[in-house]
>>> print(open('final.cif').read())   # mmCIF, C-alpha atoms and all ligand atoms
data_entry
loop_
_atom_site.label_atom_id
_atom_site.label_comp_id
_atom_site.auth_asym_id
_atom_site.auth_seq_id
_atom_site.Cartn_x
_atom_site.Cartn_y
_atom_site.Cartn_z
CA MET X 981 0.00 0.00 0.00
CA ARG X 982 1.24 3.46 -0.92
CA ARG X 983 1.19 5.96 1.92
CA HIS X 984 0.46 9.54 1.11
CA THR X 985 0.92 12.66 3.12
CA ARG X 986 -0.51 16.01 2.28
CA LEU X 987 1.12 19.32 2.83
CA ILE X 988 -1.08 22.29 2.19
CA GLY X 989 -0.95 26.02 2.66
CA ALA X 990 -3.73 27.21 4.95
CA ALA X 991 -5.56 30.52 4.70
CA ALA X 992 -3.10 32.49 6.75
CA GLY X 993 -0.26 31.22 4.61
CA THR X 994 0.96 28.96 7.39
CA ALA X 995 2.03 25.57 6.13
CA MET X 996 -0.13 22.95 7.71
CA LEU X 997 0.17 19.22 7.69
CA LEU X 998 -3.06 17.37 7.24
CA ALA X 999 -3.21 13.91 8.75
CA ALA X 1000 -1.27 11.33 6.84
CA CYS X 1001 -3.60 8.84 5.22
CA SER X 1002 -3.14 5.15 5.05
CA GLY X 1003 -5.19 4.23 2.01
CA THR X 1004 -4.04 3.55 -1.52
CA LEU X 1005 -5.19 5.74 -4.39
CA GLU X 1006 -5.16 2.94 -7.00
CA PRO X 1007 -8.62 2.81 -8.63
CA GLY X 1008 -11.07 0.67 -6.66
CA GLN X 1009 -8.50 -0.45 -4.10
CA ASN X 1010 -8.81 2.07 -1.28
CA GLU X 1011 -10.43 0.54 1.79
CA GLY X 1012 -10.20 3.56 4.05
CA ASP X 1013 -8.91 7.07 4.37
CA VAL X 1014 -9.33 10.35 6.20
CA LEU X 1015 -11.33 12.74 4.05
CA HIS X 1016 -10.72 16.43 4.71
CA LEU X 1017 -13.51 18.82 3.78
CA ALA X 1018 -13.16 22.59 3.36
CA LEU X 1019 -16.19 24.66 4.36
CA ASN X 1020 -16.63 28.43 4.72
CA GLN X 1021 -19.53 28.25 7.19
CA THR X 1022 -19.69 28.09 10.99
CA GLU X 1023 -20.34 24.93 13.04
CA THR X 1024 -23.93 26.09 13.63
CA HIS X 1025 -24.75 26.35 9.91
CA PRO X 1026 -27.03 23.60 8.47
CA SER X 1027 -24.29 22.59 6.01
CA TYR X 1028 -21.85 21.83 8.81
CA ILE X 1029 -24.48 19.89 10.78
CA ALA X 1030 -25.58 17.82 7.77
CA LEU X 1031 -21.96 17.09 6.79
CA ASP X 1032 -21.14 16.09 10.34
CA HIS X 1033 -24.03 13.63 10.19
CA TRP X 1034 -22.58 12.27 6.95
CA GLY X 1035 -19.22 11.78 8.68
CA ASP X 1036 -20.88 9.77 11.48
CA TYR X 1037 -22.74 7.66 8.92
CA LEU X 1038 -19.54 6.92 7.02
CA GLU X 1039 -17.62 5.97 10.10
CA GLU X 1040 -20.37 3.74 11.47
CA ASN X 1041 -21.06 2.00 8.19
CA THR X 1042 -17.44 1.27 7.31
CA ASP X 1043 -16.37 0.23 10.83
CA GLY X 1044 -14.28 3.36 11.10
CA ARG X 1045 -12.27 2.74 7.93
CA TRP X 1046 -13.49 6.04 6.39
CA THR X 1047 -13.65 9.25 8.38
CA LEU X 1048 -14.57 12.81 7.51
CA GLU X 1049 -12.81 15.82 8.99
CA ILE X 1050 -14.62 19.08 8.37
CA TYR X 1051 -12.64 22.34 8.44
CA PRO X 1052 -15.23 25.14 8.89
CA ASN X 1053 -14.84 28.95 8.82
CA GLU X 1054 -12.48 29.04 5.83
CA THR X 1055 -9.74 27.37 7.93
CA LEU X 1056 -8.38 25.85 4.72
CA GLY X 1057 -8.91 29.06 2.75
CA ALA X 1058 -11.75 30.82 0.98
CA GLN X 1059 -13.74 28.88 -1.62
CA ALA X 1060 -11.49 29.87 -4.55
CA GLU X 1061 -8.52 28.36 -2.69
CA ALA X 1062 -10.51 25.31 -1.57
CA LEU X 1063 -11.37 24.63 -5.20
CA GLN X 1064 -7.69 24.61 -6.08
CA LEU X 1065 -6.82 22.35 -3.15
CA VAL X 1066 -9.45 19.79 -4.19
CA SER X 1067 -8.22 19.97 -7.76
CA ASP X 1068 -4.63 19.20 -6.79
CA GLY X 1069 -5.66 16.58 -4.22
CA SER X 1070 -4.30 18.37 -1.12
CA VAL X 1071 -7.85 18.35 0.24
CA GLU X 1072 -10.38 15.72 -0.84
CA LEU X 1073 -13.70 17.54 -0.48
CA ALA X 1074 -15.16 21.03 -0.35
CA ILE X 1075 -18.45 22.87 -0.42
CA VAL X 1076 -18.30 25.66 -2.98
CA SER X 1077 -20.88 28.06 -4.27
CA GLY X 1078 -22.22 27.89 -7.85
CA PRO X 1079 -20.34 31.00 -9.06
CA GLN X 1080 -17.01 29.34 -8.20
CA LEU X 1081 -17.69 26.49 -10.63
CA GLU X 1082 -18.82 28.96 -13.25
CA ASN X 1083 -15.22 30.21 -13.17
CA LEU X 1084 -14.02 26.73 -14.24
CA ASN X 1085 -16.76 25.92 -16.72
CA LYS X 1086 -19.19 28.55 -17.99
CA ASP X 1087 -21.88 25.91 -18.44
CA PHE X 1088 -22.53 26.06 -14.69
CA ILE X 1089 -24.06 29.50 -15.33
CA ALA X 1090 -27.23 27.67 -16.36
CA LEU X 1091 -27.79 26.80 -12.68
CA ASN X 1092 -26.64 30.18 -11.30
CA LEU X 1093 -29.17 32.44 -12.97
CA PRO X 1094 -31.86 34.25 -10.96
CA THR X 1095 -34.59 32.58 -13.02
CA THR X 1096 -33.30 28.97 -12.92
CA PHE X 1097 -35.05 27.75 -9.77
CA ASP X 1098 -38.53 28.65 -8.50
CA ASN X 1099 -37.87 27.45 -4.97
CA ILE X 1100 -35.96 24.85 -2.94
CA ASP X 1101 -38.25 21.95 -3.95
CA HIS X 1102 -37.73 22.70 -7.61
CA GLN X 1103 -33.98 23.03 -7.09
CA MET X 1104 -33.81 19.64 -5.35
CA LYS X 1105 -35.77 18.04 -8.18
CA VAL X 1106 -33.28 19.41 -10.71
CA LEU X 1107 -30.28 18.20 -8.68
CA ALA X 1108 -31.74 14.71 -8.50
CA ASP X 1109 -32.25 14.53 -12.26
CA ASP X 1110 -29.23 12.90 -13.80
CA GLU X 1111 -30.43 13.66 -17.32
CA VAL X 1112 -30.27 17.37 -16.59
CA VAL X 1113 -27.15 17.63 -14.41
CA GLY X 1114 -25.24 14.36 -14.94
CA GLU X 1115 -22.86 15.51 -17.70
CA LEU X 1116 -22.36 18.92 -16.17
CA PHE X 1117 -21.41 17.40 -12.82
CA ASN X 1118 -18.74 15.27 -14.52
CA SER X 1119 -17.48 18.03 -16.80
CA LEU X 1120 -14.57 19.03 -14.54
CA ARG X 1121 -13.12 15.54 -14.26
CA GLU X 1122 -10.65 15.74 -17.16
CA THR X 1123 -9.76 19.40 -16.78
CA ASN X 1124 -9.61 19.83 -12.99
CA ASN X 1125 -9.78 16.35 -11.36
CA ILE X 1126 -13.03 17.40 -9.76
CA VAL X 1127 -16.41 15.64 -9.67
CA VAL X 1128 -19.56 17.33 -8.38
CA LEU X 1129 -21.47 14.92 -6.16
CA GLY X 1130 -24.53 17.06 -5.64
CA GLY X 1131 -25.68 20.15 -3.86
CA PHE X 1132 -27.10 21.87 -0.82
CA THR X 1133 -29.55 24.71 -1.22
CA GLN X 1134 -28.60 28.25 -0.31
CA GLY X 1135 -32.28 29.17 -0.16
CA ASN X 1136 -33.43 32.58 -1.34
CA ARG X 1137 -30.87 35.36 -1.47
CA SER X 1138 -31.86 38.93 -0.56
CA VAL X 1139 -30.11 42.30 -0.26
CA TYR X 1140 -28.92 43.84 3.01
CA THR X 1141 -27.23 47.15 3.67
CA THR X 1142 -25.51 49.33 6.21
CA PHE X 1143 -27.59 52.36 5.25
CA GLY X 1144 -31.29 51.58 4.90
CA PRO X 1145 -33.93 49.64 2.97
CA VAL X 1146 -33.61 48.76 -0.70
CA GLU X 1147 -37.09 49.06 -2.15
CA THR X 1148 -36.03 49.41 -5.76
CA PRO X 1149 -32.68 49.11 -7.56
CA ASP X 1150 -32.50 52.93 -7.42
CA ASP X 1151 -31.71 52.65 -3.73
CA LEU X 1152 -28.49 50.84 -4.64
CA ASN X 1153 -27.40 53.50 -7.07
CA GLY X 1154 -23.73 54.32 -6.51
CA MET X 1155 -23.53 51.91 -3.57
CA LYS X 1156 -20.86 49.24 -3.34
CA LEU X 1157 -22.51 45.83 -3.32
CA ARG X 1158 -20.36 42.83 -2.37
CA VAL X 1159 -20.84 39.95 -4.76
CA GLN X 1160 -19.42 36.46 -5.12
CA GLU X 1161 -16.48 36.31 -7.50
CA SER X 1162 -17.92 35.59 -10.94
CA GLU X 1163 -18.82 37.38 -14.14
CA LEU X 1164 -22.52 36.71 -13.70
CA ASN X 1165 -22.46 38.08 -10.17
CA LEU X 1166 -20.72 41.26 -11.32
CA ALA X 1167 -23.40 41.70 -13.97
CA MET X 1168 -26.13 41.05 -11.39
CA ALA X 1169 -24.87 43.87 -9.17
CA GLU X 1170 -24.73 46.19 -12.14
CA ALA X 1171 -28.25 45.22 -13.25
CA LEU X 1172 -29.34 46.19 -9.74
CA GLY X 1173 -27.76 49.61 -10.20
CA ALA X 1174 -24.92 49.02 -7.75
CA SER X 1175 -21.18 49.19 -8.08
CA ALA X 1176 -20.01 45.56 -7.90
CA THR X 1177 -17.30 44.61 -5.41
CA PRO X 1178 -16.25 40.94 -5.55
CA MET X 1179 -14.98 39.67 -2.21
CA ALA X 1180 -14.52 36.37 -0.38
CA TYR X 1181 -17.24 35.49 2.11
CA GLY X 1182 -14.95 35.53 5.14
CA GLU X 1183 -13.87 39.12 4.46
CA LEU X 1184 -17.37 40.48 4.30
CA TYR X 1185 -18.01 41.25 7.97
CA SER X 1186 -15.05 43.60 8.14
CA GLY X 1187 -15.81 44.87 4.63
CA LEU X 1188 -19.24 46.01 5.80
CA GLN X 1189 -17.93 47.27 9.11
CA SER X 1190 -15.17 49.39 7.58
CA GLY X 1191 -17.29 50.74 4.72
CA VAL X 1192 -15.32 48.98 1.97
CA VAL X 1193 -18.78 47.85 0.88
CA ASP X 1194 -22.22 49.27 1.69
CA ALA X 1195 -24.32 46.23 0.92
CA ALA X 1196 -24.31 42.50 0.28
CA GLU X 1197 -26.75 39.81 -0.78
CA ASN X 1198 -27.21 36.42 0.83
CA ASN X 1199 -29.69 34.16 2.58
CA GLU X 1200 -31.03 34.68 6.10
CA VAL X 1201 -28.91 31.83 7.50
CA SER X 1202 -25.63 33.38 6.38
CA TYR X 1203 -26.81 36.80 7.55
CA ALA X 1204 -27.32 35.38 11.03
CA THR X 1205 -24.48 32.85 11.35
CA GLN X 1206 -21.93 35.41 10.10
CA ARG X 1207 -23.56 38.07 12.34
CA HIS X 1208 -23.64 40.50 9.42
CA TYR X 1209 -26.76 42.08 10.94
CA GLU X 1210 -24.46 43.69 13.52
CA VAL X 1211 -22.82 45.81 10.81
CA ALA X 1212 -25.54 45.88 8.10
CA PRO X 1213 -28.86 46.03 9.96
CA HIS X 1214 -31.21 46.62 7.00
CA TRP X 1215 -32.48 43.44 5.39
CA SER X 1216 -34.69 43.87 2.31
CA GLN X 1217 -36.56 40.72 1.33
CA THR X 1218 -35.77 40.79 -2.39
CA ASN X 1219 -35.63 36.98 -2.80
CA HIS X 1220 -33.88 37.59 -6.11
CA LEU X 1221 -32.21 34.18 -6.54
CA VAL X 1222 -32.31 30.63 -5.15
CA GLY X 1223 -28.62 29.86 -4.64
CA LEU X 1224 -26.84 26.54 -4.85
CA ASP X 1225 -23.78 25.11 -3.08
CA TYR X 1226 -21.97 22.10 -4.51
CA LEU X 1227 -20.18 19.23 -2.84
CA ILE X 1228 -17.03 18.58 -4.87
CA ILE X 1229 -14.52 15.73 -4.55
CA ASN X 1230 -11.10 15.05 -5.98
CA SER X 1231 -11.73 12.50 -8.73
CA THR X 1232 -8.66 10.37 -7.92
CA MET X 1233 -9.97 9.91 -4.38
CA LEU X 1234 -13.49 9.12 -5.59
CA ASP X 1235 -12.18 6.55 -8.06
CA SER X 1236 -9.89 4.98 -5.45
CA MET X 1237 -12.82 3.79 -3.32
CA THR X 1238 -13.98 0.23 -3.58
CA ASP X 1239 -17.40 -0.01 -5.25
CA GLU X 1240 -18.97 -1.04 -1.98
CA ASP X 1241 -17.47 1.84 -0.01
CA ARG X 1242 -18.43 4.33 -2.72
CA GLU X 1243 -21.99 3.11 -2.42
CA THR X 1244 -21.97 3.63 1.34
CA PHE X 1245 -20.38 7.02 0.82
CA MET X 1246 -23.16 8.09 -1.56
CA GLU X 1247 -25.91 6.67 0.66
CA GLY X 1248 -24.60 8.79 3.52
CA TRP X 1249 -24.47 11.83 1.27
CA ASP X 1250 -28.11 11.26 0.25
CA GLU X 1251 -29.08 11.24 3.93
CA ALA X 1252 -27.11 14.42 4.52
CA ARG X 1253 -28.85 16.16 1.62
CA ALA X 1254 -32.29 15.24 2.90
CA LEU X 1255 -31.38 16.34 6.42
CA HIS X 1256 -30.02 19.63 5.07
CA VAL X 1257 -33.37 20.59 3.52
CA ASP X 1258 -35.18 20.07 6.84
CA LEU X 1259 -32.53 21.91 8.79
CA TRP X 1260 -32.58 24.72 6.27
CA LEU X 1261 -36.24 25.58 6.68
CA GLU X 1262 -35.93 25.67 10.45
CA ALA X 1263 -32.69 27.65 10.37
CA THR X 1264 -34.21 30.29 8.09
CA ASP X 1265 -36.97 31.10 10.61
CA ASP X 1266 -34.53 31.07 13.52
CA SER X 1267 -32.12 33.32 11.64
CA ILE X 1268 -34.72 36.01 11.02
CA ALA X 1269 -35.58 35.97 14.71
CA GLN X 1270 -31.89 36.12 15.69
CA ALA X 1271 -31.22 39.03 13.32
CA GLU X 1272 -34.24 40.97 14.59
CA GLU X 1273 -33.23 40.39 18.19
CA GLY X 1274 -29.79 41.65 17.24
CA GLY X 1275 -31.27 44.91 15.98
CA ALA X 1276 -31.95 44.19 12.29
CA THR X 1277 -35.02 45.52 10.50
CA ILE X 1278 -36.65 43.26 7.93
CA HIS X 1279 -38.12 45.30 5.06
CA ILE X 1280 -40.77 43.62 2.92
CA VAL X 1281 -40.37 44.89 -0.64
CA ASP X 1282 -41.90 44.25 -4.06
CA GLU X 1283 -39.83 41.30 -5.32
CA THR X 1284 -41.07 41.62 -8.89
CA ILE X 1285 -39.12 44.86 -9.39
CA PHE X 1286 -35.88 42.96 -8.72
CA ASP X 1287 -36.90 40.00 -10.87
CA GLU X 1288 -37.54 42.36 -13.76
CA ALA X 1289 -34.19 44.10 -13.32
CA LEU X 1290 -32.34 40.77 -13.45
CA GLU X 1291 -34.38 39.12 -16.21
CA PRO X 1292 -32.18 40.39 -19.12
CA LEU X 1293 -29.22 38.43 -17.72
CA VAL X 1294 -30.80 35.18 -18.89
CA ASP X 1295 -30.41 35.95 -22.60
CA GLN X 1296 -27.13 37.71 -22.05
CA PHE X 1297 -25.50 34.78 -20.25
CA LEU X 1298 -27.05 31.72 -21.87
CA THR X 1299 -24.95 31.42 -24.98
CA THR X 1300 -23.69 27.83 -25.39
CA ASP X 1301 -25.76 24.80 -26.39
CA THR X 1302 -24.97 23.03 -23.12
CA GLN X 1303 -26.04 26.05 -21.08
CA LEU X 1304 -29.34 26.18 -22.94
CA GLU X 1305 -29.88 22.45 -22.59
CA VAL X 1306 -29.23 22.43 -18.84
CA TYR X 1307 -31.28 25.59 -18.28
CA GLU X 1308 -34.22 24.30 -20.30
CA GLY X 1309 -33.98 20.90 -18.60
CA ALA X 1310 -34.14 22.65 -15.22
CA ARG X 1311 -37.04 24.88 -16.25
CA ALA X 1312 -38.97 21.87 -17.59
CA LEU X 1313 -39.09 20.53 -14.02
CA SER X 1314 -40.77 23.71 -12.77
CA GLU X 1315 -44.36 23.43 -11.66
CA LYS X 1316 -45.18 26.95 -12.72
CA ASP X 1317 -47.89 26.89 -15.40
CA VAL X 1318 -46.78 30.02 -17.15
CA GLU X 1319 -43.10 30.47 -17.90
C1 LIG Z 1 -23.77 31.43 0.93
C2 LIG Z 1 -23.27 30.12 0.39
C3 LIG Z 1 -21.74 30.07 0.39
C4 LIG Z 1 -21.19 31.29 -0.30
C5 LIG Z 1 -21.74 32.55 0.31
C6 LIG Z 1 -21.23 33.80 -0.38
O1 LIG Z 1 -23.49 31.51 2.29
O2 LIG Z 1 -23.79 29.06 1.13
O3 LIG Z 1 -21.28 28.94 -0.26
O4 LIG Z 1 -19.80 31.31 -0.23
O5 LIG Z 1 -23.15 32.52 0.26
O6 LIG Z 1 -22.00 34.70 -0.65
O7 LIG Z 1 -20.02 33.85 -0.65
#
>>> encode(input="final.cif", output="structure tokens")
Amino acid sequence: MRRHTRLIGAAAGTAMLLAACSGTLEPGQNEGDVLHLALNQTETHPSYIALDHWGDYLEENTDGRWTLEIYPNETLGAQAEALQLVSDGSVELAIVSGPQLENLNKDFIALNLPTTFDNIDHQMKVLADDEVVGELFNSLRETNNIVVLGGFTQGNRSVYTTFGPVETPDDLNGMKLRVQESELNLAMAEALGASATPMAYGELYSGLQSGVVDAAENNEVSYATQRHYEVAPHWSQTNHLVGLDYLIINSTMLDSMTDEDRETFMEGWDEARALHVDLWLEATDDSIAQAEEGGATIHIVDETIFDEALEPLVDQFLTTDTQLEVYEGARALSEKDVE
């Protein structure tokens, strides 16, 4: 058996030695390993809790041969770094947001658009449909040694600011809006009238606090777990996009598992996904309450104004055949009568 040790650079630039693993990476031969997972959320976030459950499942169902070590709070770096670490095999797994994958393959844009998903149920239906997402999820295997195993919802994303409510895009005029790092996200900020400022998630609290940015957009759970309400107390319920996080794995590691272990691994992941949806709904309500208790004001606004402002991005960004195919496949699973 070949022993492998992984040396990686952590966020702060400090070299850090991840546990040496004992498995072999020959295809189908690996009977156990320590899987390290990079996450940018806190330990109280539904993604951490669901992943932790997955780790327990794996350990119990393989008699401890496979274990999962989750590194929350960007300990292994922001998502752009985590993506690189999974690609080169220094870290086996990561949760990354849709826009990050768009930077590797533009076809992922089809699932990042504001009009792709109606709601969480629709999004889960799309993720479970291999005909729609199967090829896309394997499209990074040759180029980046990455396979997408599935996704967690990010729920609805809304706008929040340091300065007051956003009732129409006019209220964002001239304001610096933090966005995730991708072309589509830059265009989204501009379509909303703001000046786009791409920034990693972990830098956002201080970005809002110091005035580097005036606004951001995210779901209620991130708003609360990151305590952004302390520095940006105006939440406007724009619900402009149902976001998607992906679970990615280094393809050499995935292929190294025995067929039986891979099956157990995927069964555990399926449980984690189902648990995540339940946790998500609960966490969203709790997060609103937490933010309000912490001094935030929730502004109910006319969502359709934001939908209309973002609508032109669909034609602008859907340009390749694959993008159109995936987008149309996703839309075909919508239960809305009128498109
Ligand atoms: C959500 C999402 C993260 C993402 C973050 C962001 O919290 O779950 O994956 O990084 O938004 O806006 O950067």
>>> axis_aligned_box(input="final.cif", around="ligand LIG 1 (chain Z)", padding_each_side="6 Å", output="lines of an AutoDock Vina configuration file")
center_x = -21.8
center_y = 31.8
center_z = 0.8
size_x = 16.0
size_y = 17.8
size_z = 14.9
>>> residues_around(input="final.cif", residues="Leu1038 of chain X", least_positions_apart="6", cutoff="10 Å", atoms="all atoms listed in the file", output="list of chain:residue names")
X:Asp1032, X:Gly1044, X:Arg1045, X:Trp1046, X:Thr1047, X:Leu1048, X:Asp1241, X:Thr1244, X:Phe1245, X:Met1246, X:Glu1247, X:Gly1248, X:Trp1249
>>> closest_residue(input="final.cif", among="X:Glu1072, X:Asp1225, X:Glu1054, X:Glu1082", to="ligand LIG 1 (chain Z)", atoms="all atoms listed in the file")
X:Asp1225
>>> residues_around(input="final.cif", residues="Glu1240 of chain X", least_positions_apart="3", cutoff="10 Å", atoms="only C-alpha atoms", output="list in words")
Gly1008, Glu1011, Thr1042, Met1237, Glu1243, Thr1244 and Phe1245 of chain X
>>> closest_atom_pairs(input="final.cif", of="segment 1019-1115 of chain X", to="segment 1163-1167 of chain X", cutoff="9 Å", atoms="only C-alpha atoms", output="JSON lines")
{"residue": "X:Pro1079", "atom": "CA", "partner": "X:Asn1165", "partner_atom": "CA", "distance": 7.5}
{"residue": "X:Glu1082", "atom": "CA", "partner": "X:Glu1163", "partner_atom": "CA", "distance": 8.5}
{"residue": "X:Asn1083", "atom": "CA", "partner": "X:Glu1163", "partner_atom": "CA", "distance": 8.1}
{"residue": "X:Ile1089", "atom": "CA", "partner": "X:Leu1164", "partner_atom": "CA", "distance": 7.6}
{"residue": "X:Asn1092", "atom": "CA", "partner": "X:Leu1164", "partner_atom": "CA", "distance": 8.1}
{"residue": "X:Leu1093", "atom": "CA", "partner": "X:Leu1164", "partner_atom": "CA", "distance": 7.9}
>>> write_last_selection(input="final.cif", atoms="C-alpha atoms", output="CSV table (one decimal), in the frame of the given file")
chain,number,residue,atom,x,y,z
X,1079,PRO,CA,-20.3,31.0,-9.1
X,1082,GLU,CA,-18.8,29.0,-13.2
X,1083,ASN,CA,-15.2,30.2,-13.2
X,1089,ILE,CA,-24.1,29.5,-15.3
X,1092,ASN,CA,-26.6,30.2,-11.3
X,1093,LEU,CA,-29.2,32.4,-13.0
>>> closest_residue(input="final.cif", among="X:Asn1199, X:Gln1217, X:Ser1067, X:Thr1205", to="Ile1229 of chain X", atoms="only C-alpha atoms")
X:Ser1067
>>> residues_near_ligand(input="final.cif", ligand="ligand LIG 1 (chain Z)", cutoff="6 Å", atoms="only C-alpha atoms and all ligand atoms", output="PyMOL selection string")
chain X and resi 1076-1077+1134+1160+1181+1198+1202+1225
>>> atom_distance(input="final.cif", atom1="atom CA of Thr1123 of chain X", atom2="atom CA of Lys1105 of chain X")
27.4 Å
>>> atom_distance(input="final.cif", atom1="atom CA of Thr1238 of chain X", atom2="atom CA of Phe1132 of chain X")
25.5 Å
>>> atom_distance(input="final.cif", atom1="atom CA of Gly1078 of chain X", atom2="atom CA of Ala1090 of chain X")
9.9 Å
>>> closest_residue(input="final.cif", among="X:Leu1221, X:Leu1063, X:Leu1073, X:Val1211", to="Ser1190 of chain X", atoms="only C-alpha atoms")
X:Val1211
>>> residues_around(input="final.cif", residues="segment 1019-1021 of chain X", least_positions_apart="6", cutoff="12 Å", atoms="all atoms listed in the file", output="PyMOL selection string")
chain X and resi 991+1027-1029+1031-1032+1049-1063+1066+1071-1077+1134+1180-1183+1201-1207+1225-1228
>>> closest_residue(input="final.cif", among="X:Gly1131, X:Leu1293, X:Thr1177, X:Tyr1209", to="Glu1273 of chain X", atoms="only C-alpha atoms")
X:Tyr1209
>>> residues_near_point(input="final.cif", point="(-15.7, 25.5, -18.0)", cutoff="10 Å", atoms="only C-alpha atoms", output="PDB file with C-alpha atoms, in the coordinates of the input")
ATOM      1  CA  LEU X1081     -17.690  26.490 -10.630  1.00  0.00           C
ATOM      2  CA  GLU X1082     -18.820  28.960 -13.250  1.00  0.00           C
ATOM      3  CA  ASN X1083     -15.220  30.210 -13.170  1.00  0.00           C
ATOM      4  CA  LEU X1084     -14.020  26.730 -14.240  1.00  0.00           C
ATOM      5  CA  ASN X1085     -16.760  25.920 -16.720  1.00  0.00           C
ATOM      6  CA  LYS X1086     -19.190  28.550 -17.990  1.00  0.00           C
ATOM      7  CA  ASP X1087     -21.880  25.910 -18.440  1.00  0.00           C
ATOM      8  CA  PHE X1088     -22.530  26.060 -14.690  1.00  0.00           C
ATOM      9  CA  ILE X1089     -24.060  29.500 -15.330  1.00  0.00           C
ATOM     10  CA  LEU X1116     -22.360  18.920 -16.170  1.00  0.00           C
ATOM     11  CA  SER X1119     -17.480  18.030 -16.800  1.00  0.00           C
ATOM     12  CA  LEU X1120     -14.570  19.030 -14.540  1.00  0.00           C
ATOM     13  CA  THR X1123      -9.760  19.400 -16.780  1.00  0.00           C
ATOM     14  CA  ASN X1124      -9.610  19.830 -12.990  1.00  0.00           C
TER      15      ASN X1124
END
>>> decode(input="final.cif", residues="segment 1100-1105 of chain X", atoms="all heavy atoms", output="CSV table (one decimal), in the first residue's frame")
chain,number,residue,atom,x,y,z
X,1100,ILE,N,-36.9,25.9,-3.4
X,1100,ILE,CA,-36.0,24.8,-2.9
X,1100,ILE,C,-36.4,23.5,-3.5
X,1100,ILE,O,-35.6,22.7,-3.9
X,1100,ILE,CB,-35.8,24.8,-1.4
X,1100,ILE,CG1,-35.2,26.1,-0.9
X,1100,ILE,CG2,-34.9,23.6,-1.0
X,1100,ILE,CD1,-35.1,26.3,0.6
X,1101,ASP,N,-37.7,23.2,-3.5
X,1101,ASP,CA,-38.3,21.9,-4.0
X,1101,ASP,C,-37.9,21.7,-5.4
X,1101,ASP,O,-37.4,20.7,-5.8
X,1101,ASP,CB,-39.8,21.9,-3.9
X,1101,ASP,CG,-40.2,21.6,-2.4
X,1101,ASP,OD1,-39.4,21.3,-1.6
X,1101,ASP,OD2,-41.5,21.8,-2.2
X,1102,HIS,N,-38.1,22.8,-6.2
X,1102,HIS,CA,-37.7,22.7,-7.6
X,1102,HIS,C,-36.2,22.5,-7.8
X,1102,HIS,O,-35.8,21.6,-8.6
X,1102,HIS,CB,-38.2,24.0,-8.3
X,1102,HIS,CG,-37.8,24.1,-9.7
X,1102,HIS,ND1,-37.3,25.3,-10.3
X,1102,HIS,CD2,-37.7,23.2,-10.7
X,1102,HIS,CE1,-37.0,25.0,-11.6
X,1102,HIS,NE2,-37.2,23.8,-11.9
X,1103,GLN,N,-35.4,23.2,-7.0
X,1103,GLN,CA,-34.0,23.0,-7.1
X,1103,GLN,C,-33.6,21.6,-6.8
X,1103,GLN,O,-32.7,21.0,-7.4
X,1103,GLN,CB,-33.3,24.0,-6.1
X,1103,GLN,CG,-31.8,24.1,-6.2
X,1103,GLN,CD,-31.3,25.1,-5.2
X,1103,GLN,OE1,-31.6,25.0,-4.0
X,1103,GLN,NE2,-30.5,26.0,-5.6
X,1104,MET,N,-34.2,21.0,-5.7
X,1104,MET,CA,-33.8,19.6,-5.3
X,1104,MET,C,-34.2,18.6,-6.4
X,1104,MET,O,-33.5,17.6,-6.7
X,1104,MET,CB,-34.5,19.3,-4.0
X,1104,MET,CG,-33.9,20.0,-2.8
X,1104,MET,SD,-32.1,19.7,-2.7
X,1104,MET,CE,-31.4,21.4,-2.7
X,1105,LYS,N,-35.3,18.9,-7.1
X,1105,LYS,CA,-35.8,18.0,-8.2
X,1105,LYS,C,-34.7,18.1,-9.3
X,1105,LYS,O,-34.4,17.0,-9.9
X,1105,LYS,CB,-37.1,18.5,-8.7
X,1105,LYS,CG,-38.2,17.5,-8.6
X,1105,LYS,CD,-39.3,17.7,-9.5
X,1105,LYS,CE,-40.4,18.7,-9.0
X,1105,LYS,NZ,-41.4,18.9,-10.0
